[in-house]
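File shown: model_5.pdb. Contents: PDB, C-alpha atoms and all ligand atoms.
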```
ATOM      1  CA  MET A  12     -69.489-128.938  -3.906  1.00  0.00           C
ATOM      2  CA  LEU A  13     -69.889-127.615  -7.421  1.00  0.00           C
ATOM      3  CA  ARG A  14     -69.596-123.855  -7.793  1.00  0.00           C
ATOM      4  CA  LEU A  15     -72.916-123.523  -9.561  1.00  0.00           C
ATOM      5  CA  ASN A  16     -72.963-119.786  -9.049  1.00  0.00           C
ATOM      6  CA  VAL A  17     -69.990-119.146 -11.349  1.00  0.00           C
ATOM      7  CA  MET A  18     -72.117-118.030 -14.263  1.00  0.00           C
ATOM      8  CA  ASN A  19     -74.772-116.317 -12.175  1.00  0.00           C
ATOM      9  CA  PRO A  20     -75.104-112.669 -13.046  1.00  0.00           C
ATOM     10  CA  PRO A  21     -73.879-110.494 -10.164  1.00  0.00           C
ATOM     11  CA  LEU A  22     -76.077-107.856  -8.530  1.00  0.00           C
ATOM     12  CA  ILE A  23     -74.629-104.385  -9.027  1.00  0.00           C
ATOM     13  CA  GLY A  24     -75.958-101.640  -6.759  1.00  0.00           C
ATOM     14  CA  VAL A  25     -76.550 -98.399  -8.681  1.00  0.00           C
ATOM     15  CA  SER A  26     -76.792 -95.174  -6.691  1.00  0.00           C
ATOM     16  CA  THR A  27     -79.552 -92.783  -7.730  1.00  0.00           C
ATOM     17  CA  SER A  28     -80.252 -89.098  -7.986  1.00  0.00           C
ATOM     18  CA  VAL A  29     -82.898 -87.621  -5.769  1.00  0.00           C
ATOM     19  CA  THR A  30     -85.155 -84.611  -6.131  1.00  0.00           C
ATOM     20  CA  VAL A  31     -83.992 -81.648  -4.083  1.00  0.00           C
ATOM     21  CA  ALA A  32     -86.659 -79.302  -2.773  1.00  0.00           C
ATOM     22  CA  SER A  33     -89.400 -80.344  -5.170  1.00  0.00           C
ATOM     23  CA  TYR A  34     -92.599 -82.287  -4.715  1.00  0.00           C
ATOM     24  CA  PRO A  35     -93.182 -85.213  -4.940  1.00  0.00           C
ATOM     25  CA  GLU A  36     -89.871 -86.558  -3.674  1.00  0.00           C
ATOM     26  CA  ARG A  37     -88.324 -88.905  -6.232  1.00  0.00           C
ATOM     27  CA  ALA A  38     -85.329 -91.149  -6.681  1.00  0.00           C
ATOM     28  CA  TYR A  39     -84.235 -91.647 -10.297  1.00  0.00           C
ATOM     29  CA  VAL A  40     -81.349 -92.622 -12.530  1.00  0.00           C
ATOM     30  CA  ASN A  41     -80.461 -92.276 -16.208  1.00  0.00           C
ATOM     31  CA  ALA A  42     -81.375 -95.519 -17.953  1.00  0.00           C
ATOM     32  CA  ALA A  43     -78.028 -95.632 -19.804  1.00  0.00           C
ATOM     33  CA  TYR A  44     -76.357 -96.957 -16.624  1.00  0.00           C
ATOM     34  CA  LEU A  45     -78.868 -99.789 -16.381  1.00  0.00           C
ATOM     35  CA  HIS A  46     -78.433-100.740 -20.044  1.00  0.00           C
ATOM     36  CA  ALA A  47     -74.638-100.682 -19.784  1.00  0.00           C
ATOM     37  CA  ILE A  48     -74.570-102.993 -16.748  1.00  0.00           C
ATOM     38  CA  GLN A  49     -76.996-105.444 -18.325  1.00  0.00           C
ATOM     39  CA  GLN A  50     -75.041-105.497 -21.597  1.00  0.00           C
ATOM     40  CA  ALA A  51     -71.996-106.432 -19.536  1.00  0.00           C
ATOM     41  CA  GLY A  52     -73.911-109.323 -17.928  1.00  0.00           C
ATOM     42  CA  GLY A  53     -74.763-107.755 -14.571  1.00  0.00           C
ATOM     43  CA  VAL A  54     -78.086-107.186 -12.844  1.00  0.00           C
ATOM     44  CA  PRO A  55     -78.535-103.561 -11.750  1.00  0.00           C
ATOM     45  CA  VAL A  56     -80.467-102.810  -8.575  1.00  0.00           C
ATOM     46  CA  LEU A  57     -81.139 -99.246  -7.429  1.00  0.00           C
ATOM     47  CA  LEU A  58     -79.714 -97.789  -4.230  1.00  0.00           C
ATOM     48  CA  PRO A  59     -81.785 -94.671  -3.541  1.00  0.00           C
ATOM     49  CA  PRO A  60     -80.906 -92.492  -0.535  1.00  0.00           C
ATOM     50  CA  GLN A  61     -84.337 -93.260   0.948  1.00  0.00           C
ATOM     51  CA  LEU A  62     -83.073 -96.731   1.948  1.00  0.00           C
ATOM     52  CA  GLY A  63     -83.051 -97.069   5.707  1.00  0.00           C
ATOM     53  CA  GLY A  64     -80.629 -99.033   7.854  1.00  0.00           C
ATOM     54  CA  PRO A  65     -82.332-102.456   7.539  1.00  0.00           C
ATOM     55  CA  ALA A  66     -82.577-102.172   3.736  1.00  0.00           C
ATOM     56  CA  ARG A  67     -78.932-101.101   3.497  1.00  0.00           C
ATOM     57  CA  ARG A  68     -77.867-104.096   5.567  1.00  0.00           C
ATOM     58  CA  GLU A  69     -79.829-106.472   3.308  1.00  0.00           C
ATOM     59  CA  PHE A  70     -78.263-104.975   0.197  1.00  0.00           C
ATOM     60  CA  ARG A  71     -74.827-105.436   1.701  1.00  0.00           C
ATOM     61  CA  LYS A  72     -75.448-109.165   2.041  1.00  0.00           C
ATOM     62  CA  ARG A  73     -76.366-109.456  -1.623  1.00  0.00           C
ATOM     63  CA  LEU A  74     -74.428-106.907  -3.662  1.00  0.00           C
ATOM     64  CA  ALA A  75     -71.401-108.061  -5.656  1.00  0.00           C
ATOM     65  CA  GLY A  76     -70.506-104.627  -7.026  1.00  0.00           C
ATOM     66  CA  VAL A  77     -71.313-100.922  -6.737  1.00  0.00           C
ATOM     67  CA  LEU A  78     -71.742 -98.241  -9.400  1.00  0.00           C
ATOM     68  CA  LEU A  79     -71.735 -94.607  -8.265  1.00  0.00           C
ATOM     69  CA  THR A  80     -73.574 -92.492 -10.835  1.00  0.00           C
ATOM     70  CA  GLY A  81     -73.508 -88.858 -11.917  1.00  0.00           C
ATOM     71  CA  GLY A  82     -75.646 -86.059 -10.517  1.00  0.00           C
ATOM     72  CA  GLY A  83     -75.621 -82.919  -8.395  1.00  0.00           C
ATOM     73  CA  ASP A  84     -72.776 -81.497  -6.349  1.00  0.00           C
ATOM     74  CA  VAL A  85     -71.400 -83.011  -3.148  1.00  0.00           C
ATOM     75  CA  CYS A  86     -72.095 -80.903  -0.052  1.00  0.00           C
ATOM     76  CA  PRO A  87     -68.876 -78.852   0.363  1.00  0.00           C
ATOM     77  CA  GLU A  88     -69.102 -79.126   4.149  1.00  0.00           C
ATOM     78  CA  ARG A  89     -67.931 -82.697   3.560  1.00  0.00           C
ATOM     79  CA  PHE A  90     -64.526 -81.230   2.690  1.00  0.00           C
ATOM     80  CA  ALA A  91     -64.719 -78.283   5.065  1.00  0.00           C
ATOM     81  CA  GLU A  92     -65.537 -75.558   2.513  1.00  0.00           C
ATOM     82  CA  ALA A  93     -68.325 -73.021   2.298  1.00  0.00           C
ATOM     83  CA  PRO A  94     -70.523 -73.467  -0.784  1.00  0.00           C
ATOM     84  CA  HIS A  95     -69.474 -71.715  -3.995  1.00  0.00           C
ATOM     85  CA  PRO A  96     -72.369 -69.725  -5.584  1.00  0.00           C
ATOM     86  CA  THR A  97     -72.604 -72.272  -8.428  1.00  0.00           C
ATOM     87  CA  THR A  98     -72.703 -75.335  -6.174  1.00  0.00           C
ATOM     88  CA  SER A  99     -76.152 -76.827  -6.709  1.00  0.00           C
ATOM     89  CA  ASP A 100     -78.459 -79.798  -6.352  1.00  0.00           C
ATOM     90  CA  VAL A 101     -76.894 -80.834  -3.051  1.00  0.00           C
ATOM     91  CA  SER A 102     -78.511 -83.793  -1.284  1.00  0.00           C
ATOM     92  CA  GLU A 103     -76.932 -84.670   2.024  1.00  0.00           C
ATOM     93  CA  ALA A 104     -78.997 -87.859   2.082  1.00  0.00           C
ATOM     94  CA  ARG A 105     -77.504 -88.949  -1.238  1.00  0.00           C
ATOM     95  CA  ASP A 106     -73.984 -87.988  -0.145  1.00  0.00           C
ATOM     96  CA  GLY A 107     -74.503 -90.030   3.007  1.00  0.00           C
ATOM     97  CA  LEU A 108     -75.723 -93.173   1.266  1.00  0.00           C
ATOM     98  CA  GLU A 109     -73.015 -93.079  -1.388  1.00  0.00           C
ATOM     99  CA  ILE A 110     -70.174 -92.436   1.059  1.00  0.00           C
ATOM    100  CA  ASP A 111     -71.565 -95.230   3.224  1.00  0.00           C
ATOM    101  CA  PHE A 112     -71.543 -97.750   0.365  1.00  0.00           C
ATOM    102  CA  THR A 113     -68.179 -96.523  -0.915  1.00  0.00           C
ATOM    103  CA  LEU A 114     -66.447 -97.119   2.412  1.00  0.00           C
ATOM    104  CA  TRP A 115     -68.223-100.456   2.773  1.00  0.00           C
ATOM    105  CA  ALA A 116     -67.134-101.561  -0.719  1.00  0.00           C
ATOM    106  CA  ILE A 117     -63.519-100.618  -0.004  1.00  0.00           C
ATOM    107  CA  GLU A 118     -63.559-102.373   3.372  1.00  0.00           C
ATOM    108  CA  GLU A 119     -65.157-105.555   2.007  1.00  0.00           C
ATOM    109  CA  GLU A 120     -63.214-105.597  -1.290  1.00  0.00           C
ATOM    110  CA  VAL A 121     -66.424-105.242  -3.291  1.00  0.00           C
ATOM    111  CA  PRO A 122     -65.605-103.809  -6.744  1.00  0.00           C
ATOM    112  CA  LEU A 123     -66.671-100.213  -7.288  1.00  0.00           C
ATOM    113  CA  LEU A 124     -66.905 -98.103 -10.434  1.00  0.00           C
ATOM    114  CA  ALA A 125     -67.459 -94.382  -9.872  1.00  0.00           C
ATOM    115  CA  ILE A 126     -68.692 -92.162 -12.697  1.00  0.00           C
ATOM    116  CA  CYS A 127     -68.575 -88.320 -12.833  1.00  0.00           C
ATOM    117  CA  ARG A 128     -70.097 -87.204  -9.504  1.00  0.00           C
ATOM    118  CA  GLY A 129     -69.253 -90.755  -8.389  1.00  0.00           C
ATOM    119  CA  LEU A 130     -65.536 -90.071  -8.816  1.00  0.00           C
ATOM    120  CA  GLN A 131     -65.995 -86.905  -6.757  1.00  0.00           C
ATOM    121  CA  VAL A 132     -67.897 -88.798  -4.043  1.00  0.00           C
ATOM    122  CA  LEU A 133     -65.160 -91.449  -3.940  1.00  0.00           C
ATOM    123  CA  ASN A 134     -62.547 -88.735  -3.536  1.00  0.00           C
ATOM    124  CA  VAL A 135     -64.452 -86.938  -0.765  1.00  0.00           C
ATOM    125  CA  ALA A 136     -65.235 -90.234   1.016  1.00  0.00           C
ATOM    126  CA  LEU A 137     -61.482 -90.754   1.292  1.00  0.00           C
ATOM    127  CA  GLY A 138     -60.822 -87.262   2.664  1.00  0.00           C
ATOM    128  CA  GLY A 139     -60.151 -85.442  -0.602  1.00  0.00           C
ATOM    129  CA  SER A 140     -61.556 -82.100  -1.753  1.00  0.00           C
ATOM    130  CA  LEU A 141     -63.094 -80.679  -4.928  1.00  0.00           C
ATOM    131  CA  HIS A 142     -62.827 -77.630  -7.112  1.00  0.00           C
ATOM    132  CA  GLN A 143     -66.387 -76.424  -6.645  1.00  0.00           C
ATOM    133  CA  ASP A 144     -66.375 -74.590  -9.958  1.00  0.00           C
ATOM    134  CA  ILE A 145     -63.591 -75.241 -12.438  1.00  0.00           C
ATOM    135  CA  PRO A 146     -64.142 -72.106 -14.588  1.00  0.00           C
ATOM    136  CA  SER A 147     -64.058 -69.637 -11.702  1.00  0.00           C
ATOM    137  CA  GLU A 148     -61.412 -71.409  -9.580  1.00  0.00           C
ATOM    138  CA  LEU A 149     -58.906 -72.279 -12.290  1.00  0.00           C
ATOM    139  CA  GLY A 150     -59.327 -69.583 -14.911  1.00  0.00           C
ATOM    140  CA  SER A 151     -59.464 -70.689 -18.487  1.00  0.00           C
ATOM    141  CA  PRO A 152     -56.474 -72.240 -20.247  1.00  0.00           C
ATOM    142  CA  LEU A 153     -59.172 -74.087 -22.134  1.00  0.00           C
ATOM    143  CA  ASP A 154     -62.721 -72.878 -22.191  1.00  0.00           C
ATOM    144  CA  HIS A 155     -63.699 -75.023 -19.226  1.00  0.00           C
ATOM    145  CA  SER A 156     -67.348 -74.150 -19.396  1.00  0.00           C
ATOM    146  CA  GLN A 157     -67.546 -75.434 -22.966  1.00  0.00           C
ATOM    147  CA  VAL A 158     -65.044 -78.286 -22.833  1.00  0.00           C
ATOM    148  CA  HIS A 159     -66.040 -79.956 -19.581  1.00  0.00           C
ATOM    149  CA  ARG A 160     -69.685 -79.013 -19.601  1.00  0.00           C
ATOM    150  CA  GLN A 161     -70.829 -79.919 -23.073  1.00  0.00           C
ATOM    151  CA  THR A 162     -74.350 -79.030 -24.066  1.00  0.00           C
ATOM    152  CA  GLY A 163     -74.546 -81.198 -27.174  1.00  0.00           C
ATOM    153  CA  THR A 164     -75.553 -84.814 -27.644  1.00  0.00           C
ATOM    154  CA  ARG A 165     -74.536 -86.935 -24.676  1.00  0.00           C
ATOM    155  CA  HIS A 166     -72.691 -89.629 -26.611  1.00  0.00           C
ATOM    156  CA  VAL A 167     -70.524 -87.233 -28.626  1.00  0.00           C
ATOM    157  CA  PRO A 168     -66.976 -86.887 -27.198  1.00  0.00           C
ATOM    158  CA  THR A 169     -65.864 -83.349 -26.471  1.00  0.00           C
ATOM    159  CA  HIS A 170     -62.339 -83.631 -25.087  1.00  0.00           C
ATOM    160  CA  HIS A 171     -59.276 -85.825 -25.086  1.00  0.00           C
ATOM    161  CA  VAL A 172     -58.024 -87.869 -22.113  1.00  0.00           C
ATOM    162  CA  LYS A 173     -54.568 -89.331 -21.493  1.00  0.00           C
ATOM    163  CA  VAL A 174     -54.337 -92.397 -19.261  1.00  0.00           C
ATOM    164  CA  GLN A 175     -51.341 -93.424 -17.141  1.00  0.00           C
ATOM    165  CA  ASP A 176     -49.490 -96.333 -18.738  1.00  0.00           C
ATOM    166  CA  GLY A 177     -49.435 -99.338 -16.415  1.00  0.00           C
ATOM    167  CA  SER A 178     -52.451 -98.187 -14.388  1.00  0.00           C
ATOM    168  CA  ARG A 179     -55.411-100.453 -13.691  1.00  0.00           C
ATOM    169  CA  LEU A 180     -57.596 -98.021 -15.643  1.00  0.00           C
ATOM    170  CA  ALA A 181     -55.333 -98.258 -18.711  1.00  0.00           C
ATOM    171  CA  GLY A 182     -55.497-102.051 -18.523  1.00  0.00           C
ATOM    172  CA  ILE A 183     -59.283-101.985 -18.328  1.00  0.00           C
ATOM    173  CA  LEU A 184     -59.825 -99.441 -21.098  1.00  0.00           C
ATOM    174  CA  GLY A 185     -57.263-101.018 -23.396  1.00  0.00           C
ATOM    175  CA  ALA A 186     -56.203 -97.520 -24.435  1.00  0.00           C
ATOM    176  CA  LEU A 187     -53.848 -94.771 -23.262  1.00  0.00           C
ATOM    177  CA  GLU A 188     -55.602 -92.016 -25.187  1.00  0.00           C
ATOM    178  CA  LEU A 189     -59.286 -91.557 -25.774  1.00  0.00           C
ATOM    179  CA  ASP A 190     -61.935 -88.988 -26.540  1.00  0.00           C
ATOM    180  CA  VAL A 191     -64.654 -88.610 -23.938  1.00  0.00           C
ATOM    181  CA  ASN A 192     -67.871 -86.758 -23.253  1.00  0.00           C
ATOM    182  CA  SER A 193     -67.942 -84.359 -20.314  1.00  0.00           C
ATOM    183  CA  PHE A 194     -70.704 -83.006 -18.067  1.00  0.00           C
ATOM    184  CA  HIS A 195     -69.103 -81.524 -14.983  1.00  0.00           C
ATOM    185  CA  HIS A 196     -68.259 -78.130 -13.525  1.00  0.00           C
ATOM    186  CA  GLN A 197     -66.451 -79.563 -10.499  1.00  0.00           C
ATOM    187  CA  GLY A 198     -63.308 -81.684 -10.309  1.00  0.00           C
ATOM    188  CA  ILE A 199     -60.775 -83.161  -7.923  1.00  0.00           C
ATOM    189  CA  LYS A 200     -58.643 -80.648  -6.032  1.00  0.00           C
ATOM    190  CA  ARG A 201     -56.875 -82.608  -3.252  1.00  0.00           C
ATOM    191  CA  LEU A 202     -56.718 -86.385  -3.763  1.00  0.00           C
ATOM    192  CA  GLY A 203     -58.271 -88.674  -1.158  1.00  0.00           C
ATOM    193  CA  ARG A 204     -56.220 -91.170   0.865  1.00  0.00           C
ATOM    194  CA  GLY A 205     -54.916 -94.111  -1.133  1.00  0.00           C
ATOM    195  CA  LEU A 206     -56.117 -92.760  -4.482  1.00  0.00           C
ATOM    196  CA  ALA A 207     -53.852 -92.319  -7.475  1.00  0.00           C
ATOM    197  CA  GLU A 208     -54.685 -89.959 -10.334  1.00  0.00           C
ATOM    198  CA  VAL A 209     -54.386 -91.947 -13.554  1.00  0.00           C
ATOM    199  CA  ALA A 210     -56.086 -89.902 -16.296  1.00  0.00           C
ATOM    200  CA  TRP A 211     -56.138 -86.240 -17.283  1.00  0.00           C
ATOM    201  CA  ALA A 212     -57.842 -83.853 -19.671  1.00  0.00           C
ATOM    202  CA  PRO A 213     -55.587 -81.585 -21.788  1.00  0.00           C
ATOM    203  CA  ASP A 214     -55.995 -78.822 -19.154  1.00  0.00           C
ATOM    204  CA  SER A 215     -54.735 -81.205 -16.410  1.00  0.00           C
ATOM    205  CA  ILE A 216     -58.151 -81.718 -14.808  1.00  0.00           C
ATOM    206  CA  ILE A 217     -58.141 -85.194 -13.268  1.00  0.00           C
ATOM    207  CA  GLU A 218     -60.357 -87.502 -15.335  1.00  0.00           C
ATOM    208  CA  GLY A 219     -59.515 -90.860 -13.739  1.00  0.00           C
ATOM    209  CA  VAL A 220     -58.538 -92.251 -10.328  1.00  0.00           C
ATOM    210  CA  GLU A 221     -58.042 -95.659  -8.770  1.00  0.00           C
ATOM    211  CA  LEU A 222     -57.109 -97.072  -5.392  1.00  0.00           C
ATOM    212  CA  GLU A 223     -53.395 -97.798  -5.302  1.00  0.00           C
ATOM    213  CA  ASP A 224     -54.060-101.047  -3.414  1.00  0.00           C
ATOM    214  CA  PRO A 225     -54.117-103.676  -6.197  1.00  0.00           C
ATOM    215  CA  ALA A 226     -56.330-105.978  -4.103  1.00  0.00           C
ATOM    216  CA  ARG A 227     -59.185-103.511  -4.432  1.00  0.00           C
ATOM    217  CA  PHE A 228     -61.052-102.824  -7.664  1.00  0.00           C
ATOM    218  CA  VAL A 229     -61.955 -99.182  -7.094  1.00  0.00           C
ATOM    219  CA  VAL A 230     -61.915 -97.046 -10.242  1.00  0.00           C
ATOM    220  CA  GLY A 231     -63.376 -93.621 -10.994  1.00  0.00           C
ATOM    221  CA  VAL A 232     -63.778 -91.700 -14.242  1.00  0.00           C
ATOM    222  CA  GLN A 233     -64.908 -88.106 -14.650  1.00  0.00           C
ATOM    223  CA  TRP A 234     -66.596 -88.733 -18.002  1.00  0.00           C
ATOM    224  CA  HIS A 235     -69.773 -90.716 -18.817  1.00  0.00           C
ATOM    225  CA  PRO A 236     -68.882 -94.106 -20.355  1.00  0.00           C
ATOM    226  CA  GLU A 237     -72.482 -95.319 -19.969  1.00  0.00           C
ATOM    227  CA  GLU A 238     -73.397 -92.952 -22.808  1.00  0.00           C
ATOM    228  CA  LEU A 239     -70.546 -94.192 -25.038  1.00  0.00           C
ATOM    229  CA  VAL A 240     -70.955 -97.981 -24.955  1.00  0.00           C
ATOM    230  CA  ALA A 241     -72.576 -98.233 -28.392  1.00  0.00           C
ATOM    231  CA  ALA A 242     -69.566 -96.819 -30.221  1.00  0.00           C
ATOM    232  CA  ASP A 243     -66.595 -97.075 -27.871  1.00  0.00           C
ATOM    233  CA  PRO A 244     -65.040-100.419 -26.834  1.00  0.00           C
ATOM    234  CA  ALA A 245     -63.126 -98.672 -24.016  1.00  0.00           C
ATOM    235  CA  ALA A 246     -66.443 -97.634 -22.459  1.00  0.00           C
ATOM    236  CA  ARG A 247     -67.816-101.180 -22.723  1.00  0.00           C
ATOM    237  CA  ASN A 248     -64.599-102.486 -21.171  1.00  0.00           C
ATOM    238  CA  LEU A 249     -65.219-100.453 -18.013  1.00  0.00           C
ATOM    239  CA  PHE A 250     -68.599-102.077 -17.369  1.00  0.00           C
ATOM    240  CA  ALA A 251     -67.317-105.514 -18.370  1.00  0.00           C
ATOM    241  CA  ALA A 252     -64.450-105.161 -15.893  1.00  0.00           C
ATOM    242  CA  LEU A 253     -66.809-104.194 -13.061  1.00  0.00           C
ATOM    243  CA  VAL A 254     -69.203-107.075 -13.765  1.00  0.00           C
ATOM    244  CA  ASP A 255     -66.405-109.631 -14.299  1.00  0.00           C
ATOM    245  CA  ARG A 256     -64.748-108.643 -11.053  1.00  0.00           C
ATOM    246  CA  ALA A 257     -68.119-108.772  -9.254  1.00  0.00           C
ATOM    247  CA  ARG A 258     -68.676-112.283 -10.605  1.00  0.00           C
ATOM    248  CA  ALA A 259     -65.232-113.473  -9.460  1.00  0.00           C
TER     249      ALA A 259
HETATM  250 MN    MN B 301     -64.115 -83.464 -18.463  1.00  0.00          MN
END
```

As structure tokens, how would this structure be written, given the file I've shared?
Amino acid sequence: MLRLNVMNPPLIGVSTSVTVASYPERAYVNAAYLHAIQQAGGVPVLLPPQLGGPARREFRKRLAGVLLTGGGDVCPERFAEAPHPTTSDVSEARDGLEIDFTLWAIEEEVPLLAICRGLQVLNVALGGSLHQDIPSELGSPLDHSQVHRQTGTRHVPTHHVKVQDGSRLAGILGALELDVNSFHHQGIKRLGRGLAEVAWAPDSIIEGVELEDPARFVVGVQWHPEELVAADPAARNLFAALVDRARA
């Protein structure tokens, strides 16, 4: 039988943010993720935390890839810590859905790209922990609050990243050094099971991870490539790699 589905665009599940303690309840996502996936040839579909069990099961039959997006902080109880005063925007429903789909994607060898909070969710899903507030937990060799939590235009890079030579991430990006944007006050503390750190900011904050198992396409970045695709081929390469792998 002919493989007529070879050129079919793959469905990529995109996790969403959710309103926390405001009315009406909403699920939403920055449009830049949706544009970036479509430019790479994929079809984005939203995975809000309001999906119940039957809807999640139907998505699992159809999804060819998963994108974990940015957003609020992961509930620190997930890594057995009390909340830091700056930990905010916690949605246990969102944590639950994303961890659910992350573990499913790893189990089923569905490709997964994790961005910003997504990288943190991936790490926590695999038993890792987070710095709940980089400035207050790590002091300030760089001005963390400025460098990692830029307030300027979202597509303007604010810090440098070095990528591990020979890593999957380096192969995807096509670069070992790049300048990235940065919108986070948390970061990886203890790595999750099976993850390798493969990219770092100049202050040693982990900016990229991947599963060591080469059979699994599971990659996380702490920056926001979806905002950089217009000007940065490395950012486009990340989405192209996810969609190409999902199509395979
Ligand atoms: Mn950063």

Problem - Residues selected by the PyMOL selection byres (((chain A and resi 218) around 9) and not hetatm), written as a ChimeraX atom specification - result: /A:127,130,172-174,198-199,208-212,215-217,219-220,231-234

Practice task
Enumerate, as JSON, numbers by chain, the residues matched when the PyMOL selection byres (((chain A and resi 74) around 8) and not hetatm) is run on the file above.
Solution key: {"A": [21, 22, 23, 24, 70, 71, 72, 73, 75, 76, 77]}

Taking the file above as input, evaluate the PyMOL selection byres (((chain A and resi 89-100) around 8) and not hetatm) and report the hits as a CSV table (one decimal) with C-alpha atoms, in the coordinates of the input.
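The resulting part-v2.csv:
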```csv
chain,number,residue,atom,x,y,z
A,31,VAL,CA,-84.0,-81.6,-4.1
A,83,GLY,CA,-75.6,-82.9,-8.4
A,84,ASP,CA,-72.8,-81.5,-6.3
A,85,VAL,CA,-71.4,-83.0,-3.1
A,86,CYS,CA,-72.1,-80.9,-0.1
A,87,PRO,CA,-68.9,-78.9,0.4
A,88,GLU,CA,-69.1,-79.1,4.1
A,101,VAL,CA,-76.9,-80.8,-3.1
A,102,SER,CA,-78.5,-83.8,-1.3
A,135,VAL,CA,-64.5,-86.9,-0.8
A,138,GLY,CA,-60.8,-87.3,2.7
A,139,GLY,CA,-60.2,-85.4,-0.6
A,140,SER,CA,-61.6,-82.1,-1.8
A,141,LEU,CA,-63.1,-80.7,-4.9
A,143,GLN,CA,-66.4,-76.4,-6.6
A,144,ASP,CA,-66.4,-74.6,-10.0
```

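Among the candidate residues A:Gly129, A:Pro122, A:Gly203, A:Pro213, the one lying nearest to ligand MN 301 (chain B) is A:Pro213, with distances computed using only C-alpha atoms and all ligand atoms.
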
Problem - Top pick for closest residue to Ala252 in chain A, considering A:Pro55, A:Gly81, A:Pro168, A:Gly182 and counting all atoms listed in the file - result: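 Among the listed residues, A:Gly182 lies closest to Ala252 in chain A.
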
Practice task
Point out the residue among A:Ala226, A:Val132, A:Leu149, A:Val240 with the least atom-to-atom distance to Leu45 in chain A, counting only C-alpha atoms.
Solution key: A:Val240

Practice task
Have a look at A:Ala43, A:Val29, A:Leu108, A:Ile145 and name the one nearest to ligand MN 301 (chain B); count all atoms listed in the file.
Solution key: A:Ile145

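One finds CA of Phe228 in chain A at 6.2 Å from CA of Leu123 in chain A.
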
Handout entry: Proximity to ligand MN 301 (chain B) - best of A:His195, A:His142, A:Arg68, A:Arg105, all atoms listed in the file
Key =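 Of the candidates, the smallest distance to ligand MN 301 (chain B) is held by A:His195.
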
Handout entry: Selected residue, from A:Glu223, A:Asp243, A:Glu188, A:Glu120, that lies nearest to Leu202 in chain A when counting only C-alpha atoms
Key = A:Glu223

Where atoms are lacking, range 20-34 of chain A completed to N, CA and C atoms, as a short mmCIF file (atom, residue, chain, number, x, y, z; two decimals), in the frame of the given file:
```cif
data_model
loop_
_atom_site.label_atom_id
_atom_site.label_comp_id
_atom_site.auth_asym_id
_atom_site.auth_seq_id
_atom_site.Cartn_x
_atom_site.Cartn_y
_atom_site.Cartn_z
N PRO A 20 -75.37 -114.10 -12.88
CA PRO A 20 -75.10 -112.67 -13.05
C PRO A 20 -75.04 -111.96 -11.69
N PRO A 21 -74.02 -111.17 -11.46
CA PRO A 21 -73.88 -110.49 -10.16
C PRO A 21 -74.80 -109.28 -10.03
N LEU A 22 -75.27 -109.05 -8.82
CA LEU A 22 -76.08 -107.86 -8.53
C LEU A 22 -75.15 -106.65 -8.35
N ILE A 23 -75.42 -105.61 -9.11
CA ILE A 23 -74.63 -104.38 -9.03
C ILE A 23 -75.53 -103.27 -8.48
N GLY A 24 -75.20 -102.75 -7.34
CA GLY A 24 -75.96 -101.64 -6.76
C GLY A 24 -75.65 -100.35 -7.49
N VAL A 25 -76.70 -99.64 -7.91
CA VAL A 25 -76.55 -98.40 -8.68
C VAL A 25 -77.13 -97.25 -7.86
N SER A 26 -76.28 -96.30 -7.47
CA SER A 26 -76.79 -95.17 -6.69
C SER A 26 -77.68 -94.30 -7.57
N THR A 27 -78.59 -93.58 -6.96
CA THR A 27 -79.55 -92.78 -7.73
C THR A 27 -79.47 -91.30 -7.38
N SER A 28 -80.00 -90.50 -8.29
CA SER A 28 -80.25 -89.10 -7.99
C SER A 28 -81.51 -89.00 -7.14
N VAL A 29 -81.70 -87.85 -6.58
CA VAL A 29 -82.90 -87.62 -5.77
C VAL A 29 -83.35 -86.18 -6.00
N THR A 30 -84.66 -85.98 -5.99
CA THR A 30 -85.16 -84.61 -6.13
C THR A 30 -84.73 -83.80 -4.91
N VAL A 31 -84.38 -82.54 -5.17
CA VAL A 31 -83.99 -81.65 -4.08
C VAL A 31 -85.01 -80.51 -4.06
N ALA A 32 -85.69 -80.39 -2.96
CA ALA A 32 -86.66 -79.30 -2.77
C ALA A 32 -87.72 -79.23 -3.87
N SER A 33 -88.23 -80.38 -4.30
CA SER A 33 -89.40 -80.34 -5.17
C SER A 33 -90.33 -81.48 -4.76
N TYR A 34 -91.58 -81.34 -5.15
CA TYR A 34 -92.60 -82.29 -4.72
C TYR A 34 -93.21 -82.93 -5.94
#
```
